[in-house]
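Structure data follow from structure-v5.pdb (PDB, C-alpha atoms, pLDDT in the B column):
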MODEL        1
ATOM      1  CA  MET A   1     -12.957   3.647  10.191  1.00 85.00           C
ATOM      2  CA  THR A   2     -11.915   3.975   6.559  1.00 90.00           C
ATOM      3  CA  ASP A   3     -13.045   5.643   3.339  1.00 92.00           C
ATOM      4  CA  GLU A   4     -14.775   2.372   2.471  1.00 93.00           C
ATOM      5  CA  HIS A   5     -16.918   2.683   5.592  1.00 94.00           C
ATOM      6  CA  LEU A   6     -17.812   6.252   4.633  1.00 93.00           C
ATOM      7  CA  ARG A   7     -18.762   5.058   1.135  1.00 92.00           C
ATOM      8  CA  LYS A   8     -21.038   2.423   2.663  1.00 95.00           C
ATOM      9  CA  ILE A   9     -22.672   5.011   4.896  1.00 95.00           C
ATOM     10  CA  LEU A  10     -23.374   7.286   1.924  1.00 92.00           C
ATOM     11  CA  ILE A  11     -24.820   4.432  -0.147  1.00 92.00           C
ATOM     12  CA  PHE A  12     -26.931   3.227   2.768  1.00 94.00           C
ATOM     13  CA  PHE A  13     -28.547   6.603   3.321  1.00 92.00           C
ATOM     14  CA  PHE A  14     -29.107   7.260  -0.354  1.00 89.00           C
ATOM     15  CA  PHE A  15     -31.055   4.013  -0.705  1.00 90.00           C
ATOM     16  CA  ALA A  16     -32.754   4.547   2.673  1.00 91.00           C
ATOM     17  CA  THR A  17     -33.991   8.058   1.872  1.00 88.00           C
ATOM     18  CA  LEU A  18     -33.797   8.356  -1.943  1.00 85.00           C
ATOM     19  CA  ASP A  19     -32.877  11.974  -1.331  1.00 84.00           C
ATOM     20  CA  ASP A  20     -29.410  13.364  -2.134  1.00 83.00           C
ATOM     21  CA  GLN A  21     -29.398  16.104   0.461  1.00 85.00           C
ATOM     22  CA  LYS A  22     -30.909  14.068   3.277  1.00 87.00           C
ATOM     23  CA  ALA A  23     -28.477  11.212   2.537  1.00 88.00           C
ATOM     24  CA  LYS A  24     -25.517  13.559   2.836  1.00 89.00           C
ATOM     25  CA  LEU A  25     -26.786  15.071   6.091  1.00 91.00           C
ATOM     26  CA  LEU A  26     -27.499  11.701   7.713  1.00 92.00           C
ATOM     27  CA  SER A  27     -24.198  10.302   6.453  1.00 94.00           C
ATOM     28  CA  LYS A  28     -22.286  13.102   8.109  1.00 95.00           C
ATOM     29  CA  LYS A  29     -24.098  12.534  11.399  1.00 94.00           C
ATOM     30  CA  CYS A  30     -23.534   8.793  11.200  1.00 95.00           C
ATOM     31  CA  TRP A  31     -19.857   9.162  10.287  1.00 96.00           C
ATOM     32  CA  ASN A  32     -19.253  11.484  13.247  1.00 95.00           C
ATOM     33  CA  TRP A  33     -21.117   9.100  15.567  1.00 94.00           C
ATOM     34  CA  CYS A  34     -19.028   6.164  14.319  1.00 95.00           C
ATOM     35  CA  LEU A  35     -15.759   8.040  14.778  1.00 94.00           C
ATOM     36  CA  SER A  36     -16.618   9.019  18.341  1.00 93.00           C
ATOM     37  CA  LYS A  37     -17.767   5.467  19.135  1.00 91.00           C
ATOM     38  CA  LYS A  38     -14.563   4.024  17.673  1.00 87.00           C
ATOM     39  CA  LEU A  39     -12.518   6.145  20.060  1.00 86.00           C
ATOM     40  CA  ALA A  40     -14.684   5.228  23.047  1.00 86.00           C
ATOM     41  CA  GLN A  41     -15.242   1.528  22.240  1.00 73.00           C
ATOM     42  CA  SER A  42     -11.927   0.281  20.907  1.00 73.00           C
ATOM     43  CA  LYS A  43     -12.870  -3.371  21.435  1.00 86.00           C
ATOM     44  CA  LEU A  44     -15.612  -3.183  18.772  1.00 89.00           C
ATOM     45  CA  THR A  45     -14.598  -3.771  15.175  1.00 92.00           C
ATOM     46  CA  SER A  46     -15.110  -1.064  12.577  1.00 93.00           C
ATOM     47  CA  GLU A  47     -17.830  -3.195  10.928  1.00 94.00           C
ATOM     48  CA  GLU A  48     -19.692  -3.512  14.237  1.00 94.00           C
ATOM     49  CA  ILE A  49     -19.464   0.228  14.817  1.00 95.00           C
ATOM     50  CA  LEU A  50     -20.656   0.865  11.263  1.00 95.00           C
ATOM     51  CA  ILE A  51     -23.738  -1.315  11.812  1.00 96.00           C
ATOM     52  CA  LEU A  52     -24.475   0.305  15.172  1.00 95.00           C
ATOM     53  CA  GLY A  53     -24.099   3.784  13.671  1.00 95.00           C
ATOM     54  CA  LEU A  54     -26.394   2.970  10.769  1.00 96.00           C
ATOM     55  CA  SER A  55     -28.900   1.442  13.185  1.00 95.00           C
ATOM     56  CA  TYR A  56     -28.781   4.522  15.406  1.00 93.00           C
ATOM     57  CA  GLN A  57     -29.462   6.895  12.496  1.00 92.00           C
ATOM     58  CA  TRP A  58     -32.023   4.498  10.973  1.00 92.00           C
ATOM     59  CA  GLU A  59     -34.158   4.952  14.076  1.00 89.00           C
ATOM     60  CA  SER A  60     -34.499   8.644  13.223  1.00 81.00           C
ATOM     61  CA  LEU A  61     -35.909   7.701   9.800  1.00 81.00           C
ATOM     62  CA  LYS A  62     -38.508   5.222  11.029  1.00 73.00           C
ATOM     63  CA  ASN A  63     -41.198   7.814  11.672  1.00 68.00           C
ATOM     64  CA  GLU A  64     -40.740   9.654   8.404  1.00 69.00           C
ATOM     65  CA  PRO A  65     -43.233   8.853   5.655  1.00 60.00           C
ATOM     66  CA  ARG A  66     -42.052   7.169   2.483  1.00 57.00           C
ATOM     67  CA  TYR A  67     -43.252   9.205  -0.449  1.00 53.00           C
ATOM     68  CA  GLY A  68     -41.844   7.008  -3.189  1.00 51.00           C
ATOM     69  CA  VAL A  69     -40.285   9.975  -4.958  1.00 54.00           C
ATOM     70  CA  THR A  70     -36.558  10.233  -5.513  1.00 59.00           C
ATOM     71  CA  LYS A  71     -34.925  13.591  -4.985  1.00 62.00           C
ATOM     72  CA  THR A  72     -31.771  13.323  -7.026  1.00 58.00           C
ATOM     73  CA  ASN A  73     -30.268  15.191  -9.900  1.00 56.00           C
ATOM     74  CA  GLN A  74     -28.136  14.095 -12.845  1.00 51.00           C
ATOM     75  CA  ASP A  75     -24.935  15.355 -11.219  1.00 55.00           C
ATOM     76  CA  SER A  76     -25.398  13.513  -7.948  1.00 57.00           C
ATOM     77  CA  GLY A  77     -23.317  10.513  -9.004  1.00 57.00           C
ATOM     78  CA  TRP A  78     -25.350   8.055  -6.920  1.00 56.00           C
ATOM     79  CA  ILE A  79     -26.511   5.951  -9.832  1.00 54.00           C
ATOM     80  CA  ILE A  80     -23.611   4.898 -11.990  1.00 53.00           C
ATOM     81  CA  LYS A  81     -25.126   2.462 -14.495  1.00 57.00           C
ATOM     82  CA  SER A  82     -27.199   4.043 -17.237  1.00 59.00           C
ATOM     83  CA  ASP A  83     -29.647   1.105 -17.293  1.00 63.00           C
ATOM     84  CA  PHE A  84     -30.220   1.197 -13.519  1.00 67.00           C
ATOM     85  CA  LYS A  85     -33.894   1.377 -12.537  1.00 74.00           C
ATOM     86  CA  ILE A  86     -34.714   2.697  -9.078  1.00 79.00           C
ATOM     87  CA  GLU A  87     -38.469   2.080  -9.393  1.00 82.00           C
ATOM     88  CA  PRO A  88     -38.434  -1.505  -8.041  1.00 86.00           C
ATOM     89  CA  TRP A  89     -36.527  -0.341  -4.962  1.00 86.00           C
ATOM     90  CA  VAL A  90     -38.980   2.536  -4.431  1.00 86.00           C
ATOM     91  CA  ALA A  91     -41.932   0.130  -4.684  1.00 87.00           C
ATOM     92  CA  TYR A  92     -40.203  -2.341  -2.378  1.00 90.00           C
ATOM     93  CA  GLN A  93     -39.596   0.301   0.296  1.00 88.00           C
ATOM     94  CA  LYS A  94     -43.244   1.317   0.272  1.00 86.00           C
ATOM     95  CA  ASN A  95     -44.423  -2.240   0.960  1.00 86.00           C
ATOM     96  CA  ALA A  96     -41.713  -3.804   3.119  1.00 91.00           C
ATOM     97  CA  SER A  97     -41.306  -3.626   6.874  1.00 90.00           C
ATOM     98  CA  GLU A  98     -38.687  -1.353   8.417  1.00 91.00           C
ATOM     99  CA  GLU A  99     -36.752  -4.408   9.622  1.00 93.00           C
ATOM    100  CA  GLU A 100     -36.731  -5.952   6.148  1.00 93.00           C
ATOM    101  CA  VAL A 101     -35.536  -2.774   4.455  1.00 93.00           C
ATOM    102  CA  PHE A 102     -32.811  -2.247   7.052  1.00 95.00           C
ATOM    103  CA  SER A 103     -31.616  -5.853   6.749  1.00 95.00           C
ATOM    104  CA  MET A 104     -31.644  -5.718   2.953  1.00 95.00           C
ATOM    105  CA  LEU A 105     -29.644  -2.504   2.961  1.00 95.00           C
ATOM    106  CA  LEU A 106     -27.014  -3.967   5.264  1.00 96.00           C
ATOM    107  CA  CYS A 107     -26.717  -7.402   3.707  1.00 94.00           C
ATOM    108  CA  ARG A 108     -27.570  -7.043   0.031  1.00 92.00           C
ATOM    109  CA  VAL A 109     -26.689  -3.423  -0.729  1.00 91.00           C
ATOM    110  CA  LEU A 110     -23.648  -2.991   1.538  1.00 94.00           C
ATOM    111  CA  GLU A 111     -22.733  -6.705   1.416  1.00 94.00           C
ATOM    112  CA  ILE A 112     -22.109  -7.024   5.147  1.00 95.00           C
ATOM    113  CA  ASN A 113     -21.945 -10.587   6.459  1.00 95.00           C
ATOM    114  CA  PRO A 114     -25.197 -11.637   8.217  1.00 95.00           C
ATOM    115  CA  ASP A 115     -23.140 -13.084  11.105  1.00 95.00           C
ATOM    116  CA  ILE A 116     -21.669  -9.652  11.831  1.00 95.00           C
ATOM    117  CA  ILE A 117     -25.098  -8.031  11.491  1.00 96.00           C
ATOM    118  CA  SER A 118     -26.710 -10.457  13.945  1.00 95.00           C
ATOM    119  CA  LYS A 119     -23.852 -10.107  16.454  1.00 94.00           C
ATOM    120  CA  SER A 120     -23.869  -6.305  16.264  1.00 94.00           C
ATOM    121  CA  LEU A 121     -27.624  -5.948  16.617  1.00 94.00           C
ATOM    122  CA  GLY A 122     -28.058  -8.732  19.179  1.00 94.00           C
ATOM    123  CA  LEU A 123     -30.419 -10.674  16.917  1.00 95.00           C
ATOM    124  CA  SER A 124     -30.271 -14.313  15.920  1.00 95.00           C
ATOM    125  CA  LYS A 125     -28.767 -15.199  12.570  1.00 94.00           C
ATOM    126  CA  GLY A 126     -32.076 -16.878  11.723  1.00 95.00           C
ATOM    127  CA  THR A 127     -33.950 -13.605  12.236  1.00 95.00           C
ATOM    128  CA  ILE A 128     -31.567 -11.730   9.954  1.00 95.00           C
ATOM    129  CA  ASN A 129     -31.692 -14.470   7.305  1.00 95.00           C
ATOM    130  CA  TYR A 130     -35.504 -14.568   7.460  1.00 96.00           C
ATOM    131  CA  ARG A 131     -35.768 -10.813   6.914  1.00 95.00           C
ATOM    132  CA  ILE A 132     -33.307 -10.943   4.041  1.00 95.00           C
ATOM    133  CA  SER A 133     -34.936 -13.898   2.301  1.00 95.00           C
ATOM    134  CA  LYS A 134     -38.357 -12.267   2.615  1.00 95.00           C
ATOM    135  CA  GLY A 135     -36.945  -9.026   1.219  1.00 93.00           C
ATOM    136  CA  VAL A 136     -35.153 -10.748  -1.656  1.00 93.00           C
ATOM    137  CA  ARG A 137     -38.389 -12.472  -2.702  1.00 93.00           C
ATOM    138  CA  LYS A 138     -40.380  -9.227  -2.629  1.00 92.00           C
ATOM    139  CA  LEU A 139     -37.742  -7.172  -4.402  1.00 92.00           C
ATOM    140  CA  GLY A 140     -37.066  -9.936  -6.925  1.00 89.00           C
ATOM    141  CA  ASN A 141     -40.732 -10.012  -7.935  1.00 89.00           C
ATOM    142  CA  LEU A 142     -40.754  -6.228  -8.343  1.00 88.00           C
ATOM    143  CA  VAL A 143     -37.588  -6.335 -10.462  1.00 84.00           C
ATOM    144  CA  LEU A 144     -39.105  -8.994 -12.715  1.00 85.00           C
ATOM    145  CA  GLU A 145     -42.275  -6.929 -13.119  1.00 83.00           C
ATOM    146  CA  SER A 146     -40.194  -3.924 -14.223  1.00 74.00           C
ATOM    147  CA  GLY A 147     -38.232  -5.755 -16.895  1.00 71.00           C
ATOM    148  CA  GLY A 148     -35.577  -7.568 -14.903  1.00 63.00           C
ATOM    149  CA  ILE A 149     -33.068  -4.796 -14.154  1.00 58.00           C
ATOM    150  CA  LEU A 150     -32.384  -2.998 -10.910  1.00 54.00           C
TER     151      LEU A 150
ENDMDL
END

Rewrite the structure from the file as structure tokens, please.
Amino acid sequence: MTDEHLRKILIFFFFATLDDQKAKLLSKKCWNWCLSKKLAQSKLTSEEILILGLSYQWESLKNEPRYGVTKTNQDSGWIIKSDFKIEPWVAYQKNASEEEVFSMLLCRVLEINPDIISKSLGLSKGTINYRISKGVRKLGNLVLESGGIL
């Protein structure tokens, strides 16, 4: 596990929760889980362990309501571009299925190969691709409605 994996974990949980503090807490738990799994399961790749760790922590978020309100401050450093608009993502999360959001976070936000995602989660590549294409369509429409910038 590398610093790049930790960066991906932090980004994942920021976009999953839209809450600075919760993202940091979940990231720490996930990172520790991944490190312990890496020691115990040396035959798994770091990417596979990353996906399994994110999936494990994602399950704890499934029952939490989505309020659509971001809890960040100017100093958080999560959003780097000044023209970045989080609103389409917030709207997308409120209307998409848990599976879609999770797949979009892995594939489009973290840029993990769908083949690795499907292998790690024990799902067909077609299932992953379907969830991603459905999510891209929904999010794309929301981005266009908000002026074309995410």

Take the PyMOL selection byres ((chain A and resi 109) around 12), run it mentally on this structure, and tell me the resulting residues as a list in words.
Arg7, Lys8, Ile9, Leu10, Ile11, Phe12, Phe13, Phe14, Phe15, Ala16, Trp89, Val101, Phe102, Ser103, Met104, Leu105, Leu106, Cys107, Arg108, Leu110, Glu111, Ile112, Asn113, Ile132, Gly135, Val136 and Leu150 of chain A

Residue contacts of Ile51 of chain A (8 Å, all atoms listed in the file) excluding same-chain residues fewer than 6 positions away, as a VMD selection string:
chain A and resid 106 117 120 to 121

Report, in Å to a single decimal, how far apart atom CA of Glu100 of chain A and atom CA of Leu123 of chain A are.
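Between atom CA of Leu123 of chain A and atom CA of Glu100 of chain A the gap works out to 13.3 Å.
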
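When all atoms listed in the file are used to measure the gap to Trp31 of chain A, the shortest distance among A:Val143, A:Leu52, A:Leu44, A:Val90 belongs to A:Leu52.
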
Rounded to one decimal, what separation in Å do you get between atom CA of Thr17 of chain A and atom CA of Lys62 of chain A?
10.6 Å

Work out how far atom CA of Thr45 of chain A is from atom CA of Lys24 of chain A, in Å to one decimal.
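Between atom CA of Lys24 of chain A and atom CA of Thr45 of chain A the gap is 23.9 Å.
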
Around all listed atoms of segment 117-133 of chain A, padded 6 Å per side, what centre and edge lengths does the axis-aligned box have in Å to one decimal, as JSON?
{"center_x": -29.8, "center_y": -11.4, "center_z": 10.7, "size_x": 23.9, "size_y": 22.9, "size_z": 28.9}

If you count only C-alpha atoms, which residues fall within 12 Å of Trp33 of chain A, apart from same-chain ones fewer than 6 positions away, as a PyMOL selection string?
chain A and resi 1+6+9+26-27+39-41+49-57

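Take the candidates A:Lys94, A:Lys134, A:Glu48, A:Leu139 and check each one against Asp115 of chain A using only C-alpha atoms; the shortest distance goes to A:Glu48.
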
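The shortest atom-to-atom distance to Leu144 of chain A, with only C-alpha atoms taken into account, belongs to A:Lys85 out of A:Ala23, A:Lys85, A:Asn32, A:Glu47.
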
Which of A:Glu87, A:Asp20, A:Glu145, A:Glu99 sits closest to Ile128 of chain A [using only C-alpha atoms]:
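Result for the nearest residue to Ile128 of chain A: A:Glu99.
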
Which residue, A:Ala91, A:Cys30, A:Lys43, A:Lys37, has the smallest gap to Ser146 of chain A when you use all atoms listed in the file?
A:Ala91
